[in-house]
>>> print(open('input34.pdb').read())   # PDB, C-alpha atoms and all ligand atoms
MODEL        1
ATOM      1  CA  MET A   1    -133.385-194.723  29.124
ATOM      2  CA  ALA A   2    -132.094-193.546  25.764
ATOM      3  CA  ARG A   3    -134.700-193.375  23.037
ATOM      4  CA  ARG A   4    -134.712-196.335  20.685
ATOM      5  CA  PHE A   5    -135.171-194.146  17.593
ATOM      6  CA  PRO A   6    -133.958-190.646  16.704
ATOM      7  CA  PHE A   7    -137.016-189.655  14.660
ATOM      8  CA  PRO A   8    -139.394-186.730  15.023
ATOM      9  CA  HIS A   9    -142.917-187.342  13.687
ATOM     10  CA  PRO A  10    -142.990-187.643   9.911
ATOM     11  CA  PHE A  11    -145.235-185.331   7.917
ATOM     12  CA  GLY A  12    -147.818-186.424   5.398
ATOM     13  CA  TRP A  13    -151.308-187.888   5.157
ATOM     14  CA  PHE A  14    -152.395-190.163   7.990
ATOM     15  CA  GLN A  15    -155.584-192.056   8.681
ATOM     16  CA  VAL A  16    -157.340-190.650  11.753
ATOM     17  CA  ALA A  17    -160.697-192.443  11.580
ATOM     18  CA  TYR A  18    -163.152-194.419   9.492
ATOM     19  CA  PRO A  19    -166.049-192.448   8.023
ATOM     20  CA  ASP A  20    -168.528-194.445  10.115
ATOM     21  CA  ASP A  21    -166.729-193.716  13.391
ATOM     22  CA  LEU A  22    -168.711-190.515  13.709
ATOM     23  CA  GLU A  23    -172.347-189.523  13.045
ATOM     24  CA  PRO A  24    -173.101-186.101  11.550
ATOM     25  CA  GLY A  25    -173.532-183.621  14.398
ATOM     26  CA  SER A  26    -171.039-185.246  16.759
ATOM     27  CA  ALA A  27    -167.482-184.749  17.992
ATOM     28  CA  THR A  28    -164.829-187.012  19.462
ATOM     29  CA  ALA A  29    -161.433-186.692  21.134
ATOM     30  CA  LEU A  30    -158.393-188.151  19.348
ATOM     31  CA  ARG A  31    -154.695-188.152  20.035
ATOM     32  CA  TYR A  32    -152.189-188.467  17.181
ATOM     33  CA  TRP A  33    -148.641-187.168  16.576
ATOM     34  CA  SER A  34    -148.416-186.335  20.315
ATOM     35  CA  THR A  35    -151.240-183.828  19.942
ATOM     36  CA  ASP A  36    -154.716-183.759  21.442
ATOM     37  CA  LEU A  37    -157.257-183.327  18.678
ATOM     38  CA  VAL A  38    -160.969-182.995  18.108
ATOM     39  CA  LEU A  39    -162.608-184.681  15.128
ATOM     40  CA  TRP A  40    -166.150-183.530  14.456
ATOM     41  CA  ARG A  41    -168.801-183.731  11.772
ATOM     42  CA  ASP A  42    -171.039-180.812  11.084
ATOM     43  CA  GLU A  43    -174.724-181.400  10.447
ATOM     44  CA  SER A  44    -174.181-181.567   6.691
ATOM     45  CA  GLY A  45    -171.807-184.506   7.332
ATOM     46  CA  GLU A  46    -168.462-182.782   6.630
ATOM     47  CA  TYR A  47    -165.508-183.852   8.794
ATOM     48  CA  HIS A  48    -163.204-181.401  10.577
ATOM     49  CA  LEU A  49    -160.003-182.121  12.505
ATOM     50  CA  GLN A  50    -158.637-179.433  14.813
ATOM     51  CA  ASP A  51    -156.380-179.015  17.807
ATOM     52  CA  ALA A  52    -158.398-179.943  20.867
ATOM     53  CA  TYR A  53    -157.858-177.069  23.291
ATOM     54  CA  CYS A  54    -160.140-174.084  23.169
ATOM     55  CA  PRO A  55    -158.039-170.915  22.809
ATOM     56  CA  HIS A  56    -160.265-169.162  25.369
ATOM     57  CA  LEU A  57    -159.448-171.021  28.596
ATOM     58  CA  GLY A  58    -158.335-174.405  27.390
ATOM     59  CA  ALA A  59    -161.338-176.744  27.525
ATOM     60  CA  HIS A  60    -161.053-179.931  25.444
ATOM     61  CA  LEU A  61    -163.365-179.506  22.472
ATOM     62  CA  GLY A  62    -163.701-183.262  21.990
ATOM     63  CA  VAL A  63    -165.296-183.771  25.413
ATOM     64  CA  GLY A  64    -168.809-182.507  26.022
ATOM     65  CA  SER A  65    -168.862-180.041  23.101
ATOM     66  CA  LYS A  66    -171.923-179.583  20.863
ATOM     67  CA  VAL A  67    -172.176-179.398  17.110
ATOM     68  CA  CYS A  68    -174.684-176.743  16.018
ATOM     69  CA  GLY A  69    -175.189-176.582  12.251
ATOM     70  CA  SER A  70    -171.751-175.957  10.825
ATOM     71  CA  THR A  71    -170.080-174.947  14.088
ATOM     72  CA  LEU A  72    -168.631-176.561  17.194
ATOM     73  CA  GLU A  73    -169.587-175.122  20.567
ATOM     74  CA  CYS A  74    -167.144-175.271  23.464
ATOM     75  CA  PRO A  75    -168.595-176.932  26.596
ATOM     76  CA  PHE A  76    -166.965-174.411  28.957
ATOM     77  CA  HIS A  77    -168.297-170.940  27.956
ATOM     78  CA  GLY A  78    -170.134-171.599  24.705
ATOM     79  CA  TRP A  79    -167.750-169.992  22.232
ATOM     80  CA  THR A  80    -168.323-171.419  18.752
ATOM     81  CA  PHE A  81    -165.820-172.265  16.009
ATOM     82  CA  ASP A  82    -166.347-173.085  12.376
ATOM     83  CA  GLY A  83    -164.683-175.705  10.185
ATOM     84  CA  SER A  84    -161.871-173.304   9.309
ATOM     85  CA  GLY A  85    -161.046-172.861  13.001
ATOM     86  CA  GLU A  86    -162.344-169.317  13.250
ATOM     87  CA  CYS A  87    -164.201-168.209  16.374
ATOM     88  CA  VAL A  88    -167.600-167.161  15.039
ATOM     89  CA  GLU A  89    -169.441-166.315  18.237
ATOM     90  CA  ILE A  90    -168.901-165.492  21.896
ATOM     91  CA  PRO A  91    -172.464-165.805  23.209
ATOM     92  CA  TYR A  92    -172.023-163.247  26.026
ATOM     93  CA  SER A  93    -170.113-160.654  23.991
ATOM     94  CA  ASP A  94    -170.972-158.578  20.919
ATOM     95  CA  ARG A  95    -167.495-159.023  19.509
ATOM     96  CA  VAL A  96    -165.507-162.119  18.650
ATOM     97  CA  ASN A  97    -161.851-162.472  19.515
ATOM     98  CA  ARG A  98    -159.997-162.697  16.208
ATOM     99  CA  LYS A  99    -156.944-164.198  17.835
ATOM    100  CA  ALA A 100    -158.985-167.173  19.027
ATOM    101  CA  ARG A 101    -158.317-169.646  16.234
ATOM    102  CA  LEU A 102    -158.047-173.421  16.209
ATOM    103  CA  ARG A 103    -155.392-175.107  14.164
ATOM    104  CA  THR A 104    -157.250-176.989  11.428
ATOM    105  CA  TYR A 105    -155.802-179.930   9.516
ATOM    106  CA  PRO A 106    -156.510-180.528   5.803
ATOM    107  CA  LEU A 107    -158.691-183.611   5.580
ATOM    108  CA  VAL A 108    -159.970-185.977   2.892
ATOM    109  CA  VAL A 109    -162.360-188.898   3.009
ATOM    110  CA  ARG A 110    -161.000-191.331   0.462
ATOM    111  CA  ASN A 111    -160.785-195.105   0.025
ATOM    112  CA  GLY A 112    -163.115-195.554   3.009
ATOM    113  CA  MET A 113    -160.786-193.674   5.375
ATOM    114  CA  VAL A 114    -160.680-190.238   6.947
ATOM    115  CA  MET A 115    -157.162-188.945   6.307
ATOM    116  CA  ALA A 116    -155.545-185.804   7.640
ATOM    117  CA  TRP A 117    -152.459-183.903   6.514
ATOM    118  CA  ARG A 118    -150.042-183.229   9.342
ATOM    119  CA  HIS A 119    -146.882-181.133   9.072
ATOM    120  CA  PRO A 120    -145.076-179.489  12.016
ATOM    121  CA  ASP A 121    -145.486-176.163  10.222
ATOM    122  CA  PRO A 122    -149.230-175.374   9.983
ATOM    123  CA  GLU A 123    -148.525-173.137   6.979
ATOM    124  CA  VAL A 124    -147.324-176.059   4.856
ATOM    125  CA  THR A 125    -150.243-177.296   2.767
ATOM    126  CA  PRO A 126    -150.295-180.820   1.258
ATOM    127  CA  THR A 127    -147.480-181.431  -1.207
ATOM    128  CA  TRP A 128    -149.003-184.645  -2.620
ATOM    129  CA  GLU A 129    -152.397-186.325  -2.738
ATOM    130  CA  ILE A 130    -153.607-189.752  -1.701
ATOM    131  CA  PRO A 131    -154.815-191.561  -4.838
ATOM    132  CA  GLU A 132    -158.234-193.130  -5.176
ATOM    133  CA  ILE A 133    -157.807-196.888  -5.239
ATOM    134  CA  PRO A 134    -160.224-198.101  -7.931
ATOM    135  CA  GLU A 135    -160.791-201.529  -6.336
ATOM    136  CA  VAL A 136    -162.076-199.980  -3.097
ATOM    137  CA  GLY A 137    -165.848-199.757  -3.419
ATOM    138  CA  ASP A 138    -165.812-201.709  -6.705
ATOM    139  CA  PRO A 139    -168.646-204.298  -6.543
ATOM    140  CA  ALA A 140    -166.230-206.928  -7.915
ATOM    141  CA  TRP A 141    -164.235-206.604  -4.678
ATOM    142  CA  SER A 142    -165.292-207.374  -1.113
ATOM    143  CA  GLU A 143    -166.012-204.857   1.612
ATOM    144  CA  TYR A 144    -163.064-204.065   3.865
ATOM    145  CA  HIS A 145    -162.053-206.557   6.499
ATOM    146  CA  ARG A 146    -160.502-204.213   9.047
ATOM    147  CA  SER A 147    -158.023-204.683  11.840
ATOM    148  CA  SER A 148    -156.164-202.217  14.025
ATOM    149  CA  TYR A 149    -153.076-202.484  16.230
ATOM    150  CA  SER A 150    -151.283-200.136  18.570
ATOM    151  CA  ILE A 151    -147.569-200.921  18.561
ATOM    152  CA  HIS A 152    -144.731-199.553  20.609
ATOM    153  CA  THR A 153    -142.556-198.344  17.723
ATOM    154  CA  VAL A 154    -142.405-195.615  15.066
ATOM    155  CA  PRO A 155    -143.836-195.758  11.525
ATOM    156  CA  GLN A 156    -140.425-195.873   9.815
ATOM    157  CA  GLU A 157    -139.401-199.008  11.681
ATOM    158  CA  MET A 158    -142.603-200.794  10.684
ATOM    159  CA  ALA A 159    -142.260-199.668   7.075
ATOM    160  CA  GLU A 160    -138.683-200.959   6.922
ATOM    161  CA  ASN A 161    -140.101-204.477   7.256
ATOM    162  CA  GLY A 162    -141.414-204.139   3.714
ATOM    163  CA  VAL A 163    -137.915-203.841   2.237
ATOM    164  CA  ASP A 164    -136.504-206.596   4.452
ATOM    165  CA  PRO A 165    -137.293-209.868   2.664
ATOM    166  CA  ALA A 166    -134.847-211.880   4.779
ATOM    167  CA  HIS A 167    -136.938-211.555   7.946
ATOM    168  CA  PHE A 168    -139.866-213.451   6.391
ATOM    169  CA  ARG A 169    -138.073-216.752   6.772
ATOM    170  CA  TYR A 170    -137.000-216.218  10.366
ATOM    171  CA  VAL A 171    -139.906-214.264  11.809
ATOM    172  CA  HIS A 172    -142.801-215.472   9.656
ATOM    173  CA  GLY A 173    -141.646-218.980   8.770
ATOM    174  CA  THR A 174    -141.979-218.651   4.988
ATOM    175  CA  GLU A 175    -139.840-221.246   3.287
ATOM    176  CA  THR A 176    -138.036-218.997   0.858
ATOM    177  CA  VAL A 177    -136.957-215.396   0.867
ATOM    178  CA  ALA A 178    -139.033-213.068  -1.331
ATOM    179  CA  GLU A 179    -137.293-211.975  -4.477
ATOM    180  CA  VAL A 180    -137.308-208.250  -5.016
ATOM    181  CA  GLU A 181    -137.731-207.564  -8.732
ATOM    182  CA  LYS A 182    -137.794-203.826  -8.541
ATOM    183  CA  TYR A 183    -137.609-201.111  -5.920
ATOM    184  CA  GLU A 184    -138.040-197.561  -7.096
ATOM    185  CA  THR A 185    -138.708-194.276  -5.411
ATOM    186  CA  GLU A 186    -140.047-191.095  -6.902
ATOM    187  CA  GLY A 187    -140.821-188.084  -4.736
ATOM    188  CA  PRO A 188    -143.148-189.156  -1.919
ATOM    189  CA  CYS A 189    -143.958-192.473  -3.676
ATOM    190  CA  SER A 190    -142.156-195.781  -3.730
ATOM    191  CA  VAL A 191    -142.868-199.098  -5.416
ATOM    192  CA  MET A 192    -141.553-202.529  -4.564
ATOM    193  CA  LEU A 193    -142.398-205.497  -6.753
ATOM    194  CA  SER A 194    -141.586-208.962  -5.408
ATOM    195  CA  THR A 195    -142.419-212.646  -5.602
ATOM    196  CA  GLN A 196    -143.045-214.678  -2.493
ATOM    197  CA  SER A 197    -143.834-218.302  -1.692
ATOM    198  CA  TYR A 198    -146.899-219.304   0.302
ATOM    199  CA  VAL A 199    -147.481-222.516   2.138
ATOM    200  CA  THR A 200    -150.985-223.826   1.456
ATOM    201  CA  PRO A 201    -152.640-227.111   2.438
ATOM    202  CA  ARG A 202    -151.833-228.285  -1.111
ATOM    203  CA  GLY A 203    -148.156-227.384  -0.932
ATOM    204  CA  THR A 204    -146.054-224.324  -1.610
ATOM    205  CA  THR A 205    -147.114-221.952  -4.373
ATOM    206  CA  TRP A 206    -145.721-218.665  -5.623
ATOM    207  CA  GLY A 207    -147.439-215.355  -5.609
ATOM    208  CA  ARG A 208    -146.650-211.698  -6.001
ATOM    209  CA  ILE A 209    -146.537-208.954  -3.422
ATOM    210  CA  ASP A 210    -146.442-205.490  -4.930
ATOM    211  CA  VAL A 211    -146.280-202.558  -2.577
ATOM    212  CA  TYR A 212    -147.108-198.971  -3.500
ATOM    213  CA  ASN A 213    -146.397-196.329  -0.871
ATOM    214  CA  HIS A 214    -147.761-192.807  -0.997
ATOM    215  CA  GLY A 215    -145.926-190.969   1.728
ATOM    216  CA  PRO A 216    -145.198-192.417   5.166
ATOM    217  CA  GLY A 217    -148.794-193.153   6.206
ATOM    218  CA  PHE A 218    -150.500-194.939   3.316
ATOM    219  CA  SER A 219    -149.697-198.004   1.292
ATOM    220  CA  LYS A 220    -151.429-200.365  -1.060
ATOM    221  CA  VAL A 221    -150.172-203.925  -0.873
ATOM    222  CA  TRP A 222    -151.365-206.055  -3.773
ATOM    223  CA  PHE A 223    -151.194-209.830  -3.300
ATOM    224  CA  SER A 224    -151.764-211.952  -6.383
ATOM    225  CA  GLY A 225    -151.338-215.601  -7.138
ATOM    226  CA  ILE A 226    -154.009-217.992  -5.932
ATOM    227  CA  VAL A 227    -156.360-215.071  -5.331
ATOM    228  CA  ASP A 228    -156.203-211.304  -5.630
ATOM    229  CA  ALA A 229    -156.231-209.332  -2.419
ATOM    230  CA  ILE A 230    -155.343-205.774  -1.527
ATOM    231  CA  ASN A 231    -154.364-204.501   1.867
ATOM    232  CA  ILE A 232    -154.674-200.765   2.258
ATOM    233  CA  ALA A 233    -152.351-200.213   5.206
ATOM    234  CA  ALA A 234    -152.343-196.985   7.172
ATOM    235  CA  THR A 235    -149.872-196.095   9.893
ATOM    236  CA  THR A 236    -150.407-193.090  12.133
ATOM    237  CA  PRO A 237    -148.046-191.956  14.894
ATOM    238  CA  ILE A 238    -149.785-191.648  18.266
ATOM    239  CA  ASP A 239    -146.759-190.357  20.195
ATOM    240  CA  GLU A 240    -142.952-190.551  19.856
ATOM    241  CA  GLU A 241    -142.954-194.267  20.618
ATOM    242  CA  THR A 242    -146.383-195.571  19.649
ATOM    243  CA  THR A 243    -147.955-196.140  16.253
ATOM    244  CA  GLN A 244    -151.429-197.164  15.227
ATOM    245  CA  VAL A 245    -151.625-199.385  12.198
ATOM    246  CA  ARG A 246    -154.850-200.180  10.415
ATOM    247  CA  PHE A 247    -155.150-202.934   7.832
ATOM    248  CA  ASN A 248    -158.018-202.826   5.378
ATOM    249  CA  PHE A 249    -158.334-205.967   3.303
ATOM    250  CA  THR A 250    -160.395-206.330   0.191
ATOM    251  CA  VAL A 251    -160.380-209.444  -2.000
ATOM    252  CA  ARG A 252    -161.561-209.892  -5.557
ATOM    253  CA  LYS A 253    -164.877-211.736  -5.213
ATOM    254  CA  LEU A 254    -164.992-215.344  -6.274
ATOM    255  CA  ASP A 255    -168.148-216.954  -7.703
ATOM    256  CA  ASP A 256    -169.065-218.234  -4.307
ATOM    257  CA  ALA A 257    -169.702-215.599  -1.612
ATOM    258  CA  ALA A 258    -168.890-217.992   1.233
ATOM    259  CA  LEU A 259    -165.559-218.836  -0.405
ATOM    260  CA  THR A 260    -164.766-215.128  -0.889
ATOM    261  CA  SER A 261    -165.251-214.529   2.780
ATOM    262  CA  THR A 262    -163.182-217.604   3.705
ATOM    263  CA  VAL A 263    -160.327-216.315   1.520
ATOM    264  CA  ALA A 264    -160.580-212.830   3.014
ATOM    265  CA  ASP A 265    -160.609-214.294   6.514
ATOM    266  CA  ALA A 266    -157.536-216.373   5.682
ATOM    267  CA  PHE A 267    -155.659-213.260   4.538
ATOM    268  CA  VAL A 268    -156.681-211.376   7.642
ATOM    269  CA  ALA A 269    -155.594-214.308   9.812
ATOM    270  CA  GLU A 270    -152.224-214.507   8.020
ATOM    271  CA  ILE A 271    -151.530-210.787   8.333
ATOM    272  CA  ASN A 272    -152.661-210.883  11.947
ATOM    273  CA  LYS A 273    -150.249-213.753  12.566
ATOM    274  CA  GLN A 274    -147.458-211.778  10.892
ATOM    275  CA  ILE A 275    -148.032-208.658  12.921
ATOM    276  CA  VAL A 276    -148.128-210.684  16.134
ATOM    277  CA  GLU A 277    -144.788-212.195  15.056
ATOM    278  CA  ASP A 278    -143.250-208.826  14.115
ATOM    279  CA  THR A 279    -144.401-207.020  17.271
ATOM    280  CA  PRO A 280    -141.840-208.344  19.806
ATOM    281  CA  ILE A 281    -139.033-207.471  17.360
ATOM    282  CA  TRP A 282    -140.378-203.968  16.735
ATOM    283  CA  GLU A 283    -141.114-203.282  20.380
ATOM    284  CA  HIS A 284    -137.602-204.148  21.579
ATOM    285  CA  LYS A 285    -135.230-203.344  18.728
ATOM    286  CA  VAL A 286    -133.244-200.147  18.322
ATOM    287  CA  PHE A 287    -132.701-198.201  15.131
ATOM    288  CA  LEU A 288    -129.104-198.521  13.963
ATOM    289  CA  PRO A 289    -128.190-195.563  11.743
ATOM    290  CA  VAL A 290    -125.277-197.526  10.289
ATOM    291  CA  PRO A 291    -126.404-201.156  10.016
ATOM    292  CA  ALA A 292    -124.070-204.024   9.071
ATOM    293  CA  LEU A 293    -125.814-205.453   5.998
ATOM    294  CA  ALA A 294    -125.423-208.549   3.864
ATOM    295  CA  ASP A 295    -125.081-207.952   0.141
ATOM    296  CA  THR A 296    -128.282-209.948  -0.358
ATOM    297  CA  ASP A 297    -130.318-207.869   2.104
ATOM    298  CA  GLY A 298    -133.180-205.805   0.682
ATOM    299  CA  PRO A 299    -132.909-202.142  -0.371
ATOM    300  CA  ILE A 300    -132.753-200.888   3.218
ATOM    301  CA  VAL A 301    -130.393-197.974   2.611
ATOM    302  CA  LYS A 302    -132.405-196.750  -0.376
ATOM    303  CA  PHE A 303    -135.597-197.051   1.675
ATOM    304  CA  ARG A 304    -134.137-194.985   4.526
ATOM    305  CA  LYS A 305    -132.974-192.275   2.166
ATOM    306  CA  TRP A 306    -136.454-192.099   0.631
ATOM    307  CA  TYR A 307    -138.134-192.014   4.047
ATOM    308  CA  SER A 308    -135.862-189.249   5.374
ATOM    309  CA  GLN A 309    -137.678-186.690   3.183
ATOM    310  CA  PHE A 310    -140.678-186.894   5.541
ATOM    311  CA  TYR A 311    -138.850-185.352   8.495
ATOM    312  CA  ALA A 312    -139.072-181.579   8.619
ATOM    313  CA  GLU A 313    -137.499-181.407  12.073
ATOM    314  CA  PRO A 314    -133.991-182.481  13.095
ATOM    315  CA  LEU A 315    -133.262-186.067  14.074
ATOM    316  CA  ALA A 316    -131.861-186.711  17.544
ATOM    317  CA  THR A 317    -128.619-187.892  15.895
ATOM    318  CA  ASP A 318    -128.161-184.625  13.956
ATOM    319  CA  GLY A 319    -125.738-181.960  15.077
TER     320      GLY A 319
HETATM  321  S1  LIG B 401    -162.690-172.497  27.310
HETATM  322 FE1  LIG B 401    -163.838-172.688  25.531
HETATM  323  S2  LIG B 401    -165.266-171.117  25.649
HETATM  324 FE2  LIG B 401    -164.055-170.872  27.385
HETATM  325 FE    FE B 402    -142.827-208.747   9.091
ENDMDL
END
>>> encode(input="input34.pdb", output="structure tokens", more="lines below")
Ligand code: FES
Ligand SMILES: [Fe+2]
Amino acid sequence: MARRFPFPHPFGWFQVAYPDDLEPGSATALRYWSTDLVLWRDESGEYHLQDAYCPHLGAHLGVGSKVCGSTLECPFHGWTFDGSGECVEIPYSDRVNRKARLRTYPLVVRNGMVMAWRHPDPEVTPTWEIPEIPEVGDPAWSEYHRSSYSIHTVPQEMAENGVDPAHFRYVHGTETVAEVEKYETEGPCSVMLSTQSYVTPRGTTWGRIDVYNHGPGFSKVWFSGIVDAINIAATTPIDEETTQVRFNFTVRKLDDAALTSTVADAFVAEINKQIVEDTPIWEHKVFLPVPALADTDGPIVKFRKWYSQFYAEPLATDG
């Protein structure tokens, strides 16, 4: 079967875990961007993300390995590696093998997420940063309400939804199409400001949805109107056809704690409903490089041009 999308994995910052997924002194196996990985925390609590396979004889360092101080010990023959990927000890030899290195990914813990920089070329260091979102961790805002989905599509296709206001009426049942006030791109960032109607038990009201993207893997979606809520959305490619998306909702606290949590739950339920509605479209559609658009469609072409900067490898349609 022909592939439904021509894209290689994008490069950028991607969420790989939550800080509380891992205790200090432990390691776990992950798989993202078609690569087996080991995420571990040394005993001082620092996180490290590295390619999973031990350069000695190929054991998986996320399965049965041991963290000792600031190093990770392979379960097969006890070689140890530090957070930079260097082999620091071969327990049955006086000399280390300098060629035995693990690819190590730049990593930050920010906004309550563990995020890693992935580029096909290991020499390319991060070319932008993920901003700190001031509302995250602010006592005036709630703790995250988290949800996670694994969807059979690629990050670009999911992101294109954001610049496609027309689908809200047909897929999500909103009564009017969102009005895009502004869509601007600058380097790895893009901003889309829009107004959108919501159906509430007391009738239809208007609110704003303002989306700020920082690269292909991280966006802040600010909902305002009846209440203020922020969804920090993170998409991470698992393999060529599967994407993990994590939604992290925080709402500005209302006077009443029970009401705050009801509002947050309502947002989570609505976004959950939307993703359930979007999924069958995403999982069966194809990417059309030359779509037939209406003049009132959203800024799809501009979005695609912006997104194309995140591919360092050729597309399957190139050449
Ligand atoms: S395979 Fe890791 S030490 Fe031998
Ligand atoms: Fe949607």
>>> resolve_selection(input="input34.pdb", expression="the PyMOL selection byres (((not hetatm)) within 9 of (chain B and resi 402))", output="list in words")
Met158, Asn161, Gly162, Asp164, Pro165, His167, Phe168, Val171, His172, Ile271, Gln274, Ile275, Glu277, Asp278 and Thr279 of chain A
>>> closest_atom_pairs(input="input34.pdb", of="chain A", to="ligand LIG 401 (chain B)", cutoff="12 Å", atoms="only C-alpha atoms and all ligand atoms", output="JSON lines")
{"residue": "A:Ala52", "atom": "CA", "partner": "B:LIG401", "partner_atom": "FE1", "distance": 10.2}
{"residue": "A:Tyr53", "atom": "CA", "partner": "B:LIG401", "partner_atom": "FE1", "distance": 7.7}
{"residue": "A:Cys54", "atom": "CA", "partner": "B:LIG401", "partner_atom": "FE1", "distance": 4.6}
{"residue": "A:Pro55", "atom": "CA", "partner": "B:LIG401", "partner_atom": "FE1", "distance": 6.6}
{"residue": "A:His56", "atom": "CA", "partner": "B:LIG401", "partner_atom": "S1", "distance": 4.6}
{"residue": "A:Leu57", "atom": "CA", "partner": "B:LIG401", "partner_atom": "S1", "distance": 3.8}
{"residue": "A:Gly58", "atom": "CA", "partner": "B:LIG401", "partner_atom": "S1", "distance": 4.8}
{"residue": "A:Ala59", "atom": "CA", "partner": "B:LIG401", "partner_atom": "S1", "distance": 4.5}
{"residue": "A:His60", "atom": "CA", "partner": "B:LIG401", "partner_atom": "FE1", "distance": 7.8}
{"residue": "A:Leu61", "atom": "CA", "partner": "B:LIG401", "partner_atom": "FE1", "distance": 7.5}
{"residue": "A:Gly62", "atom": "CA", "partner": "B:LIG401", "partner_atom": "FE1", "distance": 11.2}
{"residue": "A:Val63", "atom": "CA", "partner": "B:LIG401", "partner_atom": "FE1", "distance": 11.2}
{"residue": "A:Gly64", "atom": "CA", "partner": "B:LIG401", "partner_atom": "FE1", "distance": 11.0}
{"residue": "A:Ser65", "atom": "CA", "partner": "B:LIG401", "partner_atom": "FE1", "distance": 9.2}
{"residue": "A:Lys66", "atom": "CA", "partner": "B:LIG401", "partner_atom": "FE1", "distance": 11.6}
{"residue": "A:Leu72", "atom": "CA", "partner": "B:LIG401", "partner_atom": "FE1", "distance": 10.4}
{"residue": "A:Glu73", "atom": "CA", "partner": "B:LIG401", "partner_atom": "S2", "distance": 7.8}
{"residue": "A:Cys74", "atom": "CA", "partner": "B:LIG401", "partner_atom": "FE1", "distance": 4.7}
{"residue": "A:Pro75", "atom": "CA", "partner": "B:LIG401", "partner_atom": "FE1", "distance": 6.5}
{"residue": "A:Phe76", "atom": "CA", "partner": "B:LIG401", "partner_atom": "FE2", "distance": 4.8}
{"residue": "A:His77", "atom": "CA", "partner": "B:LIG401", "partner_atom": "S2", "distance": 3.8}
{"residue": "A:Gly78", "atom": "CA", "partner": "B:LIG401", "partner_atom": "S2", "distance": 5.0}
{"residue": "A:Trp79", "atom": "CA", "partner": "B:LIG401", "partner_atom": "S2", "distance": 4.4}
{"residue": "A:Thr80", "atom": "CA", "partner": "B:LIG401", "partner_atom": "S2", "distance": 7.6}
{"residue": "A:Phe81", "atom": "CA", "partner": "B:LIG401", "partner_atom": "S2", "distance": 9.7}
{"residue": "A:Cys87", "atom": "CA", "partner": "B:LIG401", "partner_atom": "S2", "distance": 9.8}
{"residue": "A:Val88", "atom": "CA", "partner": "B:LIG401", "partner_atom": "S2", "distance": 11.6}
{"residue": "A:Glu89", "atom": "CA", "partner": "B:LIG401", "partner_atom": "S2", "distance": 9.8}
{"residue": "A:Ile90", "atom": "CA", "partner": "B:LIG401", "partner_atom": "S2", "distance": 7.7}
{"residue": "A:Pro91", "atom": "CA", "partner": "B:LIG401", "partner_atom": "S2", "distance": 9.3}
{"residue": "A:Tyr92", "atom": "CA", "partner": "B:LIG401", "partner_atom": "S2", "distance": 10.4}
{"residue": "A:Ser93", "atom": "CA", "partner": "B:LIG401", "partner_atom": "S2", "distance": 11.6}
{"residue": "A:Val96", "atom": "CA", "partner": "B:LIG401", "partner_atom": "S2", "distance": 11.4}
{"residue": "A:Asn97", "atom": "CA", "partner": "B:LIG401", "partner_atom": "S2", "distance": 11.1}
{"residue": "A:Ala100", "atom": "CA", "partner": "B:LIG401", "partner_atom": "FE1", "distance": 9.8}
{"residue": "A:Arg101", "atom": "CA", "partner": "B:LIG401", "partner_atom": "FE1", "distance": 11.2}
{"residue": "A:Leu102", "atom": "CA", "partner": "B:LIG401", "partner_atom": "FE1", "distance": 11.0}
>>> closest_residue(input="input34.pdb", among="A:Glu129, A:Glu143, A:Glu179, A:Asp51", to="Asp210 (chain A)", atoms="all atoms listed in the file")
A:Glu179
>>> resolve_selection(input="input34.pdb", expression="the PyMOL selection byres (((chain A and resi 17-32) around 10) and not hetatm)", output="PyMOL selection string")
chain A and resi 9+14-16+33-52+60-72+109-116+118+236-240+242-244+246
>>> closest_residue(input="input34.pdb", among="A:Glu175, A:Glu184, A:Asp138, A:Asp82", to="Lys302 (chain A)", atoms="all atoms listed in the file")
A:Glu184
>>> resolve_selection(input="input34.pdb", expression="the PyMOL selection byres (((chain A and resi 214) around 7) and not hetatm)", output="PDB file with C-alpha atoms, in the frame of the given file")
ATOM      1  CA  ILE A 130    -153.607-189.752  -1.701  1.00  0.00           C
ATOM      2  CA  PRO A 188    -143.148-189.156  -1.919  1.00  0.00           C
ATOM      3  CA  CYS A 189    -143.958-192.473  -3.676  1.00  0.00           C
ATOM      4  CA  SER A 190    -142.156-195.781  -3.730  1.00  0.00           C
ATOM      5  CA  TYR A 212    -147.108-198.971  -3.500  1.00  0.00           C
ATOM      6  CA  ASN A 213    -146.397-196.329  -0.871  1.00  0.00           C
ATOM      7  CA  GLY A 215    -145.926-190.969   1.728  1.00  0.00           C
ATOM      8  CA  PRO A 216    -145.198-192.417   5.166  1.00  0.00           C
ATOM      9  CA  PHE A 218    -150.500-194.939   3.316  1.00  0.00           C
ATOM     10  CA  SER A 219    -149.697-198.004   1.292  1.00  0.00           C
TER      11      SER A 219
END
>>> closest_residue(input="input34.pdb", among="A:Ser308, A:Thr174, A:Thr185, A:Thr250", to="Thr200 (chain A)", atoms="only C-alpha atoms")
A:Thr174
>>> residues_near_point(input="input34.pdb", point="(-138.4, -203.9, 17.2)", cutoff="10 Å", atoms="all atoms listed in the file", output="number ranges by chain")
A: 4, 151-154, 157-158, 278-287
